[in-house]
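Structure first, commentary second.
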Amino acid sequence: MPLPWIIVFLPWLGALALAAIPAERLAARVNIAIAAASFLLSLLLFGYPHGEQGWTRVDALNIPFVVLSAFVGLTTAVFSAGQIAAEGFDTPRLRAYHLAFQGFLGAQALALLSDNLGVMWVAIEIATLASVLMVAAHRTPAAIEAAWKFFILCGVGIALALFGTIVLYLAAQPVAGVGDPGLSWAALRAVAAQCDEGLLNLAFVFLLVGYGTKAGLVPLHSWLPDAEAEGPITISAVLSGLLLNAALMAVLRAKAIVAAHPGTVAPGPFLIALGLASVLLAGLALWRRADARRFFAWSSIAHMGVAAFAFGFGGAVAALAGLLHMAGHSVVKSAIFFGVGLAARLKGSQRLADIGGLVATHPALGWGLAVAVVAVAGMPPFVMFTSEVLLLQETAARAWWLALPLGAGLFLTVAAKIATLQQMCLGDPTPDAPQPPDRMASLTALVPLWLHLGLALLLGLLMPAMVSALLAEAARMLQ
Amino acid sequence: MTFGQLPYDFAHLLGGAMVLLSFVLLYQRRVSAVINAFATQGALLAVAAAWQGFVQGAPQLYLTALIAFTAKAVLIPLALRTLVRRFDLHRTVETALGIGPSLIAGVALVALAILVVLPVTVAARVIVREDLALALSVVLLGMLMMITRRNAILQVVGLMSLENGLILAAVGVAGMPLVVELSTAALVLVVFVIAGVFVFQIRERFASVDIAFLETHRGERR
């Protein structure tokens, strides 16, 4: 079996095994072991020959993100092991939770690795299903409501994406021939210039709206804050860090096909408009959030907006900034959710007003969360500073009138995050919950948190040459 | 292949009947009637898929037809009826937009689908063009139903009707690979959610007539 399929099927087989394990601690350990094995396997992709192979492809665009997903999957599994006891699951829900977790990771890898657009669609559908299950796990009215919203909105979203995929095949069929080549990204990209431009336009609109819903772009974002606030805290880390990237990547693949035809309506302005709307709306919405997890979910909407803007703006530099931003967001946002999860358990509430003065009372967590918020706000020396400065410079040089709203939106989000940072980490300490989490729960949150921050610092200061070469090549592919 | 030839005419008859049933879904006032209309649409979809399999000589489409018939014409309607009975749900349809305005909006959406699809598919084969226009109509009408109905079950029916439109589009395009896989995957999501409702007895969600009732559980009251 080729390596890409092993990376997909290992978590799926693990999911089946986990569904059979009723013991909580054992299941959590097996979960970590599977995630660790997936991560080690994904590292082999760096040495794997590029190109498509059946339904999968390995290229500069997906290698960094598959490895990153596996890494976040591993750290989240560790985090999950410490938090699972506090979620209060009974045995069926515990099994369903682990099944959904590994099922999600496998689907996520397949979504990134697939060359066939139909397979990619199925993978994103499975990831949706798994995350709906996880969001609903608590079964409180709020969790059911969030899962329902998620299911309905993303159900419509992926349905529209499927329609777009069918239209894309219809466009390619006269040129690429009948059968699998008509859905292969590489083949479609090669023949796009000879396809009918009307059909390509139609396909792109549906794919953008469909996958854009899953990527959380305004005005298709409204499921995201609810889903991230109501599920188990671990789901927030993988939803924000991974699923949004896979969906945005699907939009980018569609854009690359459509843009290969000179006569189509340029896809860039659509992405720029959605991206700017996301950044600006999130910049305003962040100020009105009362719930810590909703606050950081809105921050994810802003960051996806920045990335979409970068890809829509086009050119190698902006595309590179967009890819860096996506990667940086994955690393930092999952770190934040580890910290917020632990803080919410310490204080017994996830309301921002109940979480205060962490630095004074819990220095390791307080400083970790503070540094993570600084990183997610795009401050130096972390990786998102690099990407935002790169993007703003490039925008200002080529289209200053677009740099103004982008800069304003970014300024609003940064200011809101700094205000929240002061309140959560530096303000007056709030009383702790009567039952603090045990040492194990703290350690499994703090170690991944600081590990992620270290990675964000590494990517920001001295990016390994191999990774930067890959990202540069990926940016050229998207240009 | 053009107007006046059997493969073309029959495919259109089936597609047109599916659009008609989408309108039926829009104007029915009783939940049980909506479920019946949905089951009929599922059966028509199965016939349409089988017909395309016959016309295109593509045997895998028979499988799609079989899956569509078993799931959408028999099992899911049965499950929905049981759900309505067991949870004693409200039997009438609560609409966010009146029946008249929703029908007018529906007609406008069909016109939109035709205006969008026909001009851009000049190069494609005739049968595909009009099939795609009909399929897009079903998709848009399904979305309209999801928007105008406040009852959770009817939203699921709207989503499944929307998926019927997708599968109609997929079987109409000759040689589309993975049709069976895609149509199954589209089904799985809905089936899991309905199964979840059964298994976990999420009664609160479905018992309320009005989904606005649960909007208060936003968790962010200040």
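Residues in the structure tokens are named by chain (A, B, ... in the order shown) and by number from 1 within that chain; ligands are numbered from 1 in the order shown.
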
If we count only C-alpha atoms, what is near A:Pro429 at a cut-off of 8 Å, once residues fewer than 2 positions away on the same chain are taken out, given as an MDAnalysis selection string?
-> chainID A and resid 355:358 360:361 427 431

Write the residues of the preceding selection, restricted to C-alpha atoms, as a PDB file, in the first residue's frame.
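Wrote selection_22.pdb, looks like this:
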```pdb
ATOM      1  CA  ILE A 355     -10.983  33.885  33.873  1.00  0.00           C
ATOM      2  CA  GLY A 356      -8.627  36.543  35.207  1.00  0.00           C
ATOM      3  CA  GLY A 357      -5.141  37.080  36.546  1.00  0.00           C
ATOM      4  CA  LEU A 358      -3.748  33.713  35.535  1.00  0.00           C
ATOM      5  CA  ALA A 360      -0.304  35.700  39.314  1.00  0.00           C
ATOM      6  CA  THR A 361      -1.964  32.463  40.406  1.00  0.00           C
ATOM      7  CA  GLY A 427      -5.861  41.378  35.481  1.00  0.00           C
ATOM      8  CA  PRO A 431     -11.495  32.644  42.356  1.00  0.00           C
TER       9      PRO A 431
END
```

Select residues of chain A: the criterion is any atom within 7 Å of an atom of chain B, counting only C-alpha atoms; output as a list in words.
->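 Here they are: Gly118, Val122, Leu129, Pro141, Ala142, Glu145, Val156, Ala159, Phe163, Ile166, Leu170, Val178, Gly179, Asp180, Gly198, Leu199, Ala290 and Asp291 of chain A.
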
Restricting it to C-alpha atoms, dump the selection as a PDB file, in the first residue's frame.
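Written file, out01.pdb:
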```pdb
ATOM      1  CA  GLY A 118     -14.479  13.360  -5.577  1.00  0.00           C
ATOM      2  CA  VAL A 122     -15.866  12.366   0.516  1.00  0.00           C
ATOM      3  CA  LEU A 129     -19.614  13.820  10.196  1.00  0.00           C
ATOM      4  CA  PRO A 141     -29.239  21.885  24.715  1.00  0.00           C
ATOM      5  CA  ALA A 142     -26.481  24.296  23.707  1.00  0.00           C
ATOM      6  CA  GLU A 145     -28.025  23.408  19.023  1.00  0.00           C
ATOM      7  CA  VAL A 156     -25.673  22.489   2.617  1.00  0.00           C
ATOM      8  CA  ALA A 159     -23.783  19.601  -0.980  1.00  0.00           C
ATOM      9  CA  PHE A 163     -22.574  20.230  -7.283  1.00  0.00           C
ATOM     10  CA  ILE A 166     -20.004  17.639 -10.857  1.00  0.00           C
ATOM     11  CA  LEU A 170     -18.840  18.244 -16.932  1.00  0.00           C
ATOM     12  CA  VAL A 178     -14.517   9.908 -19.479  1.00  0.00           C
ATOM     13  CA  GLY A 179     -13.660   8.498 -16.076  1.00  0.00           C
ATOM     14  CA  ASP A 180     -11.150   9.257 -13.353  1.00  0.00           C
ATOM     15  CA  GLY A 198     -18.828  29.262 -18.501  1.00  0.00           C
ATOM     16  CA  LEU A 199     -18.909  25.865 -16.824  1.00  0.00           C
ATOM     17  CA  ALA A 290     -18.197  37.092  26.537  1.00  0.00           C
ATOM     18  CA  ASP A 291     -17.100  33.475  26.092  1.00  0.00           C
TER      19      ASP A 291
END
```

Using only C-alpha atoms, which residues sit within 12 Å of A:Phe337 once same-chain residues fewer than 2 positions away are excluded, as a PyMOL selection string?
-> chain A and resi 72+75-76+79-80+228-229+232-241+292-297+299-300+329-335+339-344+350+365+368-369+372-373+376+445-446+448-449+452

Atom pair atom CA of B:Gln60 + atom CA of A:Pro4, distance 27.2 Å

Spatial neighbours of B:Phe10, max dist 10 Å, only C-alpha atoms, sep filter under 6 positions, as a PDB file with C-alpha atoms, in the first residue's frame:
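Written file, result28.pdb:
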```
ATOM      1  CA  GLY B   4     -38.726  13.612 -29.607  1.00  0.00           C
ATOM      2  CA  GLY B  16     -39.382  17.453 -14.394  1.00  0.00           C
ATOM      3  CA  ALA B  48     -34.059   8.364 -13.182  1.00  0.00           C
ATOM      4  CA  TRP B  51     -32.872   5.038 -16.777  1.00  0.00           C
ATOM      5  CA  GLN B  52     -29.551   6.850 -17.135  1.00  0.00           C
TER       6      GLN B  52
END
```

Which parts of stretch 16-179 of chain B does DSSP call alpha helix (DSSP H) when run on the backbone here, written out as JSON, numbers by chain?
-> {"B": [16, 17, 18, 19, 20, 21, 22, 23, 24, 25, 26, 27, 31, 32, 33, 34, 35, 36, 37, 38, 39, 40, 41, 42, 43, 44, 45, 46, 47, 48, 49, 50, 51, 52, 53, 54, 55, 56, 60, 61, 62, 63, 64, 65, 66, 67, 68, 76, 77, 78, 79, 80, 81, 82, 83, 84, 85, 86, 99, 100, 101, 102, 103, 104, 105, 106, 107, 108, 109, 110, 111, 112, 113, 114, 115, 116, 117, 118, 119, 120, 126, 127, 128, 129, 130, 131, 132, 133, 134, 135, 136, 137, 138, 139, 140, 141, 142, 143, 144, 145, 146, 147, 148, 152, 153, 154, 155, 156, 157, 158, 159, 160, 161, 162, 163, 164, 165, 166, 167, 168, 169, 170, 171, 172, 179]}

If you count only C-alpha atoms, which residues fall within 6 Å of A:Leu113, apart from same-chain ones fewer than 2 positions away, as a list in words?
->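 Selected residues are Thr56, Arg57, Leu110 and Ala111 of chain A.
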
Can you pull out every residue within 7 Å of stretch 68-72 of chain B, counting only C-alpha atoms, but drop anything in the same chain fewer than 2 positions away, and send it as an NGL selection string?
-> :B and (39 or 42-43 or 45-46 or 64-66 or 74-77)
